[in-house]
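Data file: structure_14.pdb. Format and content: PDB, C-alpha atoms.
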ATOM      1  CA  MET T   1      18.858  -1.299  15.613
ATOM      2  CA  LEU T   2      16.540  -4.002  14.305
ATOM      3  CA  TYR T   3      15.109  -3.892  10.779
ATOM      4  CA  THR T   4      12.241  -6.346  11.136
ATOM      5  CA  PRO T   5       8.686  -5.159  10.378
ATOM      6  CA  ASP T   6       7.947  -5.244  14.124
ATOM      7  CA  ALA T   7      10.856  -2.979  14.920
ATOM      8  CA  ILE T   8      10.309  -0.618  11.989
ATOM      9  CA  LEU T   9       6.585  -0.205  12.601
ATOM     10  CA  GLY T  10       7.366   0.310  16.286
ATOM     11  CA  ARG T  11       9.781   3.103  15.353
ATOM     12  CA  ILE T  12       7.233   4.684  13.001
ATOM     13  CA  GLY T  13       4.553   4.575  15.696
ATOM     14  CA  PRO T  14       0.801   3.966  15.440
ATOM     15  CA  GLU T  15      -0.098   7.651  15.035
ATOM     16  CA  LYS T  16       1.676   8.047  11.700
ATOM     17  CA  ILE T  17       0.378   4.718  10.418
ATOM     18  CA  LEU T  18      -3.216   5.551  11.385
ATOM     19  CA  ALA T  19      -2.930   9.036   9.887
ATOM     20  CA  ARG T  20      -1.701   7.687   6.555
ATOM     21  CA  PHE T  21      -4.391   5.009   6.566
ATOM     22  CA  HIS T  22      -7.002   7.709   7.188
ATOM     23  CA  SER T  23      -5.602   9.943   4.429
ATOM     24  CA  LEU T  24      -5.777   7.201   1.819
ATOM     25  CA  ASN T  25      -9.216   6.129   3.000
ATOM     26  CA  THR T  26     -10.374   9.748   2.704
ATOM     27  CA  ILE T  27      -8.938  10.144  -0.801
ATOM     28  CA  TYR T  28     -10.846   7.028  -1.795
ATOM     29  CA  GLU T  29     -14.133   8.144  -0.220
ATOM     30  CA  ALA T  30     -13.975  11.789  -1.263
ATOM     31  CA  ARG T  31     -12.391  11.584  -4.688
ATOM     32  CA  PHE T  32     -12.512   8.056  -6.035
ATOM     33  CA  GLN T  33     -15.649   6.238  -5.053
ATOM     34  CA  GLN T  34     -18.075   8.740  -6.605
ATOM     35  CA  LYS T  35     -16.441   8.325  -9.993
ATOM     36  CA  TRP T  36     -15.884   4.582  -9.614
ATOM     37  CA  PRO T  37     -18.984   3.337  -7.813
ATOM     38  CA  ASN T  38     -18.395  -0.228  -8.949
ATOM     39  CA  THR T  39     -15.434  -0.507  -6.559
ATOM     40  CA  PHE T  40     -14.862  -0.815  -2.842
ATOM     41  CA  LEU T  41     -11.846  -0.247  -0.636
ATOM     42  CA  GLN T  42     -10.787  -3.352   1.268
ATOM     43  CA  LYS T  43      -9.629  -1.753   4.504
ATOM     44  CA  TYR T  44      -7.677  -4.729   5.831
ATOM     45  CA  ILE T  45      -5.622  -4.792   2.656
ATOM     46  CA  LEU T  46      -5.237  -1.011   2.905
ATOM     47  CA  ARG T  47      -3.734  -1.440   6.364
ATOM     48  CA  HIS T  48      -1.297  -3.999   4.942
ATOM     49  CA  THR T  49      -0.526  -1.547   2.109
ATOM     50  CA  VAL T  50       0.251   1.281   4.544
ATOM     51  CA  GLU T  51       2.366  -0.866   6.848
ATOM     52  CA  SER T  52       4.306  -2.303   3.899
ATOM     53  CA  TYR T  53       4.858   1.223   2.586
ATOM     54  CA  PHE T  54       6.367   2.370   5.889
ATOM     55  CA  CYS T  55       8.616  -0.706   6.154
ATOM     56  CA  ASP T  56       9.870  -0.317   2.584
ATOM     57  CA  LEU T  57      10.449   3.432   2.792
ATOM     58  CA  GLN T  58      12.226   3.067   6.123
ATOM     59  CA  HIS T  59      14.616   0.511   4.601
ATOM     60  CA  SER T  60      15.512   3.048   1.927
ATOM     61  CA  LYS T  61      15.855   5.873   4.468
ATOM     62  CA  ASP T  62      18.068   3.772   6.743
ATOM     63  CA  PHE T  63      20.298   2.571   3.900
ATOM     64  CA  HIS T  64      20.802   6.054   2.445
ATOM     65  CA  ASP T  65      20.867   7.725   5.871
ATOM     66  CA  ILE T  66      17.899   9.951   5.046
ATOM     67  CA  GLU T  67      16.208  11.622   7.985
ATOM     68  CA  LEU T  68      13.043  12.699   6.194
ATOM     69  CA  ALA T  69      11.856  11.356   2.849
ATOM     70  CA  ASN T  70      10.940  14.059   0.340
ATOM     71  CA  ARG T  71       7.454  14.171  -1.114
ATOM     72  CA  HIS T  72       8.520  12.498  -4.364
ATOM     73  CA  LYS T  73       9.710   9.434  -2.472
ATOM     74  CA  VAL T  74       6.570   9.419  -0.356
ATOM     75  CA  ALA T  75       4.469   9.582  -3.527
ATOM     76  CA  ALA T  76       6.456   6.876  -5.323
ATOM     77  CA  PHE T  77       6.564   4.402  -2.422
ATOM     78  CA  THR T  78       2.838   4.940  -1.836
ATOM     79  CA  MET T  79       2.096   4.233  -5.494
ATOM     80  CA  LYS T  80       4.296   1.139  -5.515
ATOM     81  CA  TRP T  81       2.516  -0.448  -2.582
ATOM     82  CA  ILE T  82      -0.988   0.408  -3.778
ATOM     83  CA  VAL T  83      -0.406  -1.301  -7.123
ATOM     84  CA  LYS T  84       1.310  -4.225  -5.415
ATOM     85  CA  MET T  85      -1.267  -4.863  -2.671
ATOM     86  CA  ARG T  86      -4.326  -3.736  -4.679
ATOM     87  CA  PRO T  87      -6.593  -2.530  -1.846
ATOM     88  CA  ILE T  88      -9.348  -1.475  -4.264
ATOM     89  CA  GLN T  89     -11.517  -4.301  -5.475
ATOM     90  CA  VAL T  90     -14.037  -4.345  -8.290
ATOM     91  CA  GLN T  91     -17.452  -5.464  -7.102
ATOM     92  CA  GLU T  92     -18.337  -9.032  -7.931
ATOM     93  CA  ASN T  93     -21.233  -8.333 -10.297
ATOM     94  CA  SER T  94     -19.696  -5.313 -11.968
ATOM     95  CA  VAL T  95     -19.441  -5.508 -15.760
ATOM     96  CA  PRO T  96     -16.700  -3.179 -17.052
ATOM     97  CA  LYS T  97     -17.689  -0.800 -19.833
ATOM     98  CA  THR T  98     -14.218   0.665 -20.391
ATOM     99  CA  PRO T  99     -10.664  -0.713 -20.005
ATOM    100  CA  ALA T 100      -9.946   1.882 -17.301
ATOM    101  CA  GLU T 101     -12.520   0.243 -15.057
ATOM    102  CA  LEU T 102     -10.121  -2.683 -14.723
ATOM    103  CA  LEU T 103      -7.348  -0.414 -13.478
ATOM    104  CA  PRO T 104      -8.797   1.076 -10.271
ATOM    105  CA  ASN T 105      -5.645   0.497  -8.233
ATOM    106  CA  GLU T 106      -3.365   2.096 -10.811
ATOM    107  CA  ILE T 107      -5.648   5.136 -11.053
ATOM    108  CA  PHE T 108      -5.995   5.370  -7.262
ATOM    109  CA  ALA T 109      -2.215   5.044  -6.864
ATOM    110  CA  LEU T 110      -1.689   7.913  -9.264
ATOM    111  CA  MET T 111      -4.319  10.054  -7.549
ATOM    112  CA  ALA T 112      -2.824   9.387  -4.130
ATOM    113  CA  GLY T 113       0.763   9.928  -5.313
ATOM    114  CA  LEU T 114      -0.117  13.214  -6.961
ATOM    115  CA  ARG T 115      -1.813  14.432  -3.768
ATOM    116  CA  PHE T 116       1.601  14.368  -2.092
ATOM    117  CA  LEU T 117       2.796  16.788  -4.792
ATOM    118  CA  SER T 118      -0.317  18.957  -4.301
ATOM    119  CA  ALA T 119      -1.257  17.989  -7.840
ATOM    120  CA  ASP T 120      -4.237  16.350  -9.424
ATOM    121  CA  ILE T 121      -4.659  13.638 -12.025
ATOM    122  CA  THR T 122      -6.657  16.066 -14.229
ATOM    123  CA  GLN T 123      -3.499  18.171 -14.697
ATOM    124  CA  LEU T 124      -1.791  15.371 -16.642
ATOM    125  CA  SER T 125      -1.989  15.096 -20.397
ATOM    126  CA  ALA T 126      -3.831  12.114 -21.816
ATOM    127  CA  SER T 127      -0.614  10.678 -23.245
ATOM    128  CA  LEU T 128       1.296  10.927 -19.949
ATOM    129  CA  LEU T 129      -1.651   9.497 -18.067
ATOM    130  CA  ARG T 130      -1.779   6.560 -20.471
ATOM    131  CA  SER T 131       1.953   6.003 -20.143
ATOM    132  CA  LEU T 132       1.910   6.116 -16.335
ATOM    133  CA  LEU T 133      -1.040   3.760 -16.083
ATOM    134  CA  TYR T 134       0.672   1.348 -18.461
ATOM    135  CA  MET T 135       3.859   1.480 -16.388
ATOM    136  CA  LEU T 136       2.030   0.930 -13.093
ATOM    137  CA  HIS T 137      -0.002  -1.941 -14.515
ATOM    138  CA  HIS T 138       2.574  -3.848 -16.536
ATOM    139  CA  ARG T 139       6.073  -3.042 -15.331
ATOM    140  CA  PRO T 140       7.951  -3.934 -12.160
ATOM    141  CA  ILE T 141       7.947  -0.851  -9.946
ATOM    142  CA  ASP T 142      11.168   0.488  -8.495
ATOM    143  CA  ALA T 143       9.981   3.180  -6.091
ATOM    144  CA  GLU T 144      13.328   4.980  -5.977
ATOM    145  CA  SER T 145      13.294   5.369  -9.782
ATOM    146  CA  LEU T 146       9.618   6.270  -9.754
ATOM    147  CA  SER T 147      10.394   9.093  -7.323
ATOM    148  CA  ALA T 148      12.547  10.718 -10.047
ATOM    149  CA  THR T 149       9.592  10.458 -12.417
ATOM    150  CA  MET T 150       7.378  12.120  -9.822
ATOM    151  CA  TYR T 151       9.959  14.874  -9.417
ATOM    152  CA  ALA T 152       9.949  15.479 -13.194
ATOM    153  CA  ILE T 153       6.145  15.511 -13.241
ATOM    154  CA  GLU T 154       6.083  18.078 -10.452
ATOM    155  CA  CYS T 155       8.561  20.251 -12.357
ATOM    156  CA  GLY T 156       6.442  19.966 -15.487
ATOM    157  CA  LEU T 157       3.320  21.018 -13.611
ATOM    158  CA  ASN T 158       5.104  23.937 -11.946
ATOM    159  CA  GLY T 159       6.793  25.064 -15.121
ATOM    160  CA  SER T 160      10.196  24.796 -13.431
ATOM    161  CA  LYS T 161      13.384  23.313 -14.846
ATOM    162  CA  PRO T 162      13.708  19.629 -13.885
TER     163      PRO T 162
ATOM    164  CA  MET X   1     -16.700  19.115  -0.367
ATOM    165  CA  THR X   2     -16.600  20.768   3.030
ATOM    166  CA  TYR X   3     -13.340  21.040   4.924
ATOM    167  CA  GLN X   4     -13.003  18.617   7.761
ATOM    168  CA  PRO X   5     -10.157  18.888  10.263
ATOM    169  CA  PHE X   6      -7.833  15.890  10.497
ATOM    170  CA  PRO X   7      -9.048  13.668  13.362
ATOM    171  CA  SER X   8      -6.950  13.223  16.493
ATOM    172  CA  ALA X   9      -4.852  10.094  16.965
ATOM    173  CA  GLU X  10      -7.277   8.966  19.649
ATOM    174  CA  LYS X  11     -10.247   9.303  17.317
ATOM    175  CA  LEU X  12      -8.434   7.472  14.521
ATOM    176  CA  ARG X  13      -7.567   4.672  16.919
ATOM    177  CA  THR X  14     -11.231   4.256  17.813
ATOM    178  CA  LEU X  15     -12.401   4.612  14.222
ATOM    179  CA  TYR X  16     -10.132   1.901  12.834
ATOM    180  CA  GLN X  17      -9.667  -0.290  15.897
ATOM    181  CA  ASP X  18     -11.078  -3.463  14.358
ATOM    182  CA  ILE X  19      -8.802  -3.139  11.333
ATOM    183  CA  PHE X  20      -5.667  -2.548  13.365
ATOM    184  CA  ASP X  21      -6.558  -5.218  15.929
ATOM    185  CA  ASN X  22      -6.968  -7.850  13.234
ATOM    186  CA  GLU X  23      -4.371 -10.524  13.890
ATOM    187  CA  ALA X  24      -4.366 -11.933  10.356
ATOM    188  CA  VAL X  25      -3.235  -8.569   8.967
ATOM    189  CA  THR X  26      -0.685  -8.247  11.758
ATOM    190  CA  ALA X  27       0.723 -11.676  10.889
ATOM    191  CA  VAL X  28       1.106 -10.772   7.221
ATOM    192  CA  SER X  29       2.380  -7.237   7.800
ATOM    193  CA  HIS X  30       4.903  -8.416  10.380
ATOM    194  CA  TRP X  31       5.871 -11.548   8.455
ATOM    195  CA  THR X  32       9.585 -12.260   8.590
ATOM    196  CA  GLU X  33      11.563 -15.073   7.026
ATOM    197  CA  THR X  34      12.256 -17.842   9.465
ATOM    198  CA  ASN X  35      15.675 -19.354   9.979
ATOM    199  CA  SER X  36      16.628 -22.334   7.856
ATOM    200  CA  ALA X  37      15.496 -24.998  10.334
ATOM    201  CA  ASP X  38      12.101 -23.372  10.824
ATOM    202  CA  ALA X  39      11.723 -22.718   7.110
ATOM    203  CA  THR X  40      12.317 -26.400   6.355
ATOM    204  CA  ASP X  41       9.819 -27.308   9.023
ATOM    205  CA  ASP X  42       7.221 -24.896   7.621
ATOM    206  CA  ALA X  43       7.869 -26.005   4.053
ATOM    207  CA  ALA X  44       7.362 -29.633   5.054
ATOM    208  CA  TYR X  45       3.996 -28.746   6.567
ATOM    209  CA  LEU X  46       2.969 -26.919   3.427
ATOM    210  CA  VAL X  47       4.011 -29.749   1.129
ATOM    211  CA  LYS X  48       2.184 -32.252   3.297
ATOM    212  CA  ALA X  49      -0.918 -30.058   3.340
ATOM    213  CA  LEU X  50      -0.864 -29.659  -0.429
ATOM    214  CA  GLU X  51      -0.322 -33.385  -0.975
ATOM    215  CA  THR X  52      -3.103 -34.458   1.306
ATOM    216  CA  GLY X  53      -5.392 -31.529   0.627
ATOM    217  CA  GLU X  54      -6.106 -31.324   4.342
ATOM    218  CA  GLU X  55      -5.760 -28.361   6.641
ATOM    219  CA  ILE X  56      -4.181 -26.284   3.918
ATOM    220  CA  LEU X  57      -5.251 -22.968   5.356
ATOM    221  CA  ASN X  58      -4.248 -23.944   8.882
ATOM    222  CA  ASN X  59      -0.810 -24.936   7.702
ATOM    223  CA  ILE X  60      -0.381 -21.784   5.652
ATOM    224  CA  ASP X  61      -1.436 -19.739   8.667
ATOM    225  CA  ARG X  62       1.085 -21.618  10.726
ATOM    226  CA  ALA X  63       3.867 -20.850   8.245
ATOM    227  CA  ILE X  64       2.970 -17.149   8.077
ATOM    228  CA  GLY X  65       2.308 -16.622  11.726
ATOM    229  CA  GLY X  66       5.142 -18.749  12.976
ATOM    230  CA  ILE X  67       2.714 -20.580  15.228
ATOM    231  CA  ARG X  68       4.296 -23.669  16.671
ATOM    232  CA  GLY X  69       1.997 -26.620  17.088
TER     233      GLY X  69
END

What is this file in structure tokens?
Amino acid sequence: MLYTPDAILGRIGPEKILARFHSLNTIYEARFQQKWPNTFLQKYILRHTVESYFCDLQHSKDFHDIELANRHKVAAFTMKWIVKMRPIQVQENSVPKTPAELLPNEIFALMAGLRFLSADITQLSASLLRSLLYMLHHRPIDAESLSATMYAIECGLNGSKP
Amino acid sequence: MTYQPFPSAEKLRTLYQDIFDNEAVTAVSHWTETNSADATDDAAYLVKALETGEEILNNIDRAIGGIRG
């Protein structure tokens, strides 16, 4: 079995890649753009984000012999590649009024990641939100570690024991 | 927001065809490291391009896409 991007993306297949691209595009259009009108989604970079996500996740799945990634891994790997590739751009003439306006990719990554846990960014406390945004913006992201964080967040939101 | 069913694969293919047909994105997404001889060759082109300031983008494209001139 080959582990090049060509081979991995061939194994994943265009349907899954297109579906994920569409999902993220829809989250942006339906949930993000209204609140952040000074941004736009660069769709070519989004495609690169999605394809990089599938390649990276597949490496992890192959190495650990995982057939299907759980939703925490899906969330974490998605978040990692959004903050790395930065598909959301701030419009050229936009003048930020708040610090958060300079973090559209971190906020979008969190929104998208939480969607995979059937959760919403509004369910997070202000302090956790601040901490997660700081982590996504300033720290190197290890998606496999981040998946444990997403698991703990899901437990916290469900009121179950982590 | 009204519920909208998830589009079929065929519809998605049509909707995003220009994005997924774009060869520049394909080259970057499918970018692999070249073997040592090719890498040296590509690096030499890049250094030359940076030194002369000519054809920088063409040479970078060549290194990413593995296009052999």

Next on the checklist: Should the cut-off be 7 Å, what would the residue list for chain X against chain T look like, counting all atoms listed in the file, as a ChimeraX atom specification?
Outcome noted: /X:9,12,19,25,29-30,32

Checklist entry - Thr149 of chain T: which residues within 9 Å, counting only C-alpha atoms, same-chain residues fewer than 5 positions away excluded, as a PyMOL selection string? => result chain T and resi 72+76+154

Next on the checklist: Quick check, in Å to one decimal: how far apart do atom CA of Leu132 of chain T and atom CA of Met150 of chain T lie?
Outcome noted: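 These two atoms are separated by 10.4 Å.
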
Next on the checklist: Which residues, named as in the file, does the PyMOL selection byres ((chain T and resi 111) around 10) pick out? Answer as a list in words.
Outcome noted: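 After applying the PyMOL selection byres ((chain T and resi 111) around 10), what remains is Leu24, Ile27, Tyr28, Arg31, Phe32, Ala75, Met79, Asn105, Glu106, Ile107, Phe108, Ala109, Leu110, Ala112, Gly113, Leu114, Arg115, Phe116, Ala119, Asp120, Ile121 and Thr122 of chain T.
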
Checklist entry - So which one's closest to Ala143 of chain T, T:Lys80, T:Arg71, T:Lys35, T:Arg20? Using all atoms listed in the file, please. => result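 Counting all atoms listed in the file, the residue closest to Ala143 of chain T is T:Lys80.
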
Item to check | One-decimal distance in Å that lies between atom CA of Glu92 of chain T and atom CA of Leu136 of chain T | outcome: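 About the pair atom CA of Leu136 of chain T and atom CA of Glu92 of chain T: they are 23.3 Å apart.
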
Neighbours of Ser94 of chain T within 10 Å (only C-alpha atoms; same-chain residues fewer than 3 positions away dropped), as an mmCIF file with C-alpha atoms, in the coordinates of the input?
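File written: selection_13.cif
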data_model
loop_
_atom_site.group_PDB
_atom_site.id
_atom_site.type_symbol
_atom_site.label_atom_id
_atom_site.label_comp_id
_atom_site.auth_asym_id
_atom_site.auth_seq_id
_atom_site.Cartn_x
_atom_site.Cartn_y
_atom_site.Cartn_z
ATOM 1 C CA PRO T 37 -18.984 3.337 -7.813
ATOM 2 C CA ASN T 38 -18.395 -0.228 -8.949
ATOM 3 C CA THR T 39 -15.434 -0.507 -6.559
ATOM 4 C CA VAL T 90 -14.037 -4.345 -8.290
ATOM 5 C CA GLN T 91 -17.452 -5.464 -7.102
ATOM 6 C CA LYS T 97 -17.689 -0.800 -19.833
ATOM 7 C CA GLU T 101 -12.520 0.243 -15.057
#

Item to check | Long-range neighbours of Lys73 of chain T as an MDAnalysis selection string, 9 Å cut-off, all atoms listed in the file, 6 positions minimum in chain | outcome: chainID T and resid 57 143:144 146:148 150:151

Checklist entry - For the atom pair atom CA of Asp61 of chain X and atom CA of Phe20 of chain X, what is the interatomic distance in Å to one decimal place? => result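 About the pair atom CA of Asp61 of chain X and atom CA of Phe20 of chain X: they are 18.3 Å apart.
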
Checklist entry - When distances are computed from all atoms listed in the file, which of X:Ala44, X:Asp18, X:Glu23, X:Val28 shows the smallest separation from Met85 of chain T? => result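 The shortest atom-to-atom distance to Met85 of chain T comes from X:Val28.
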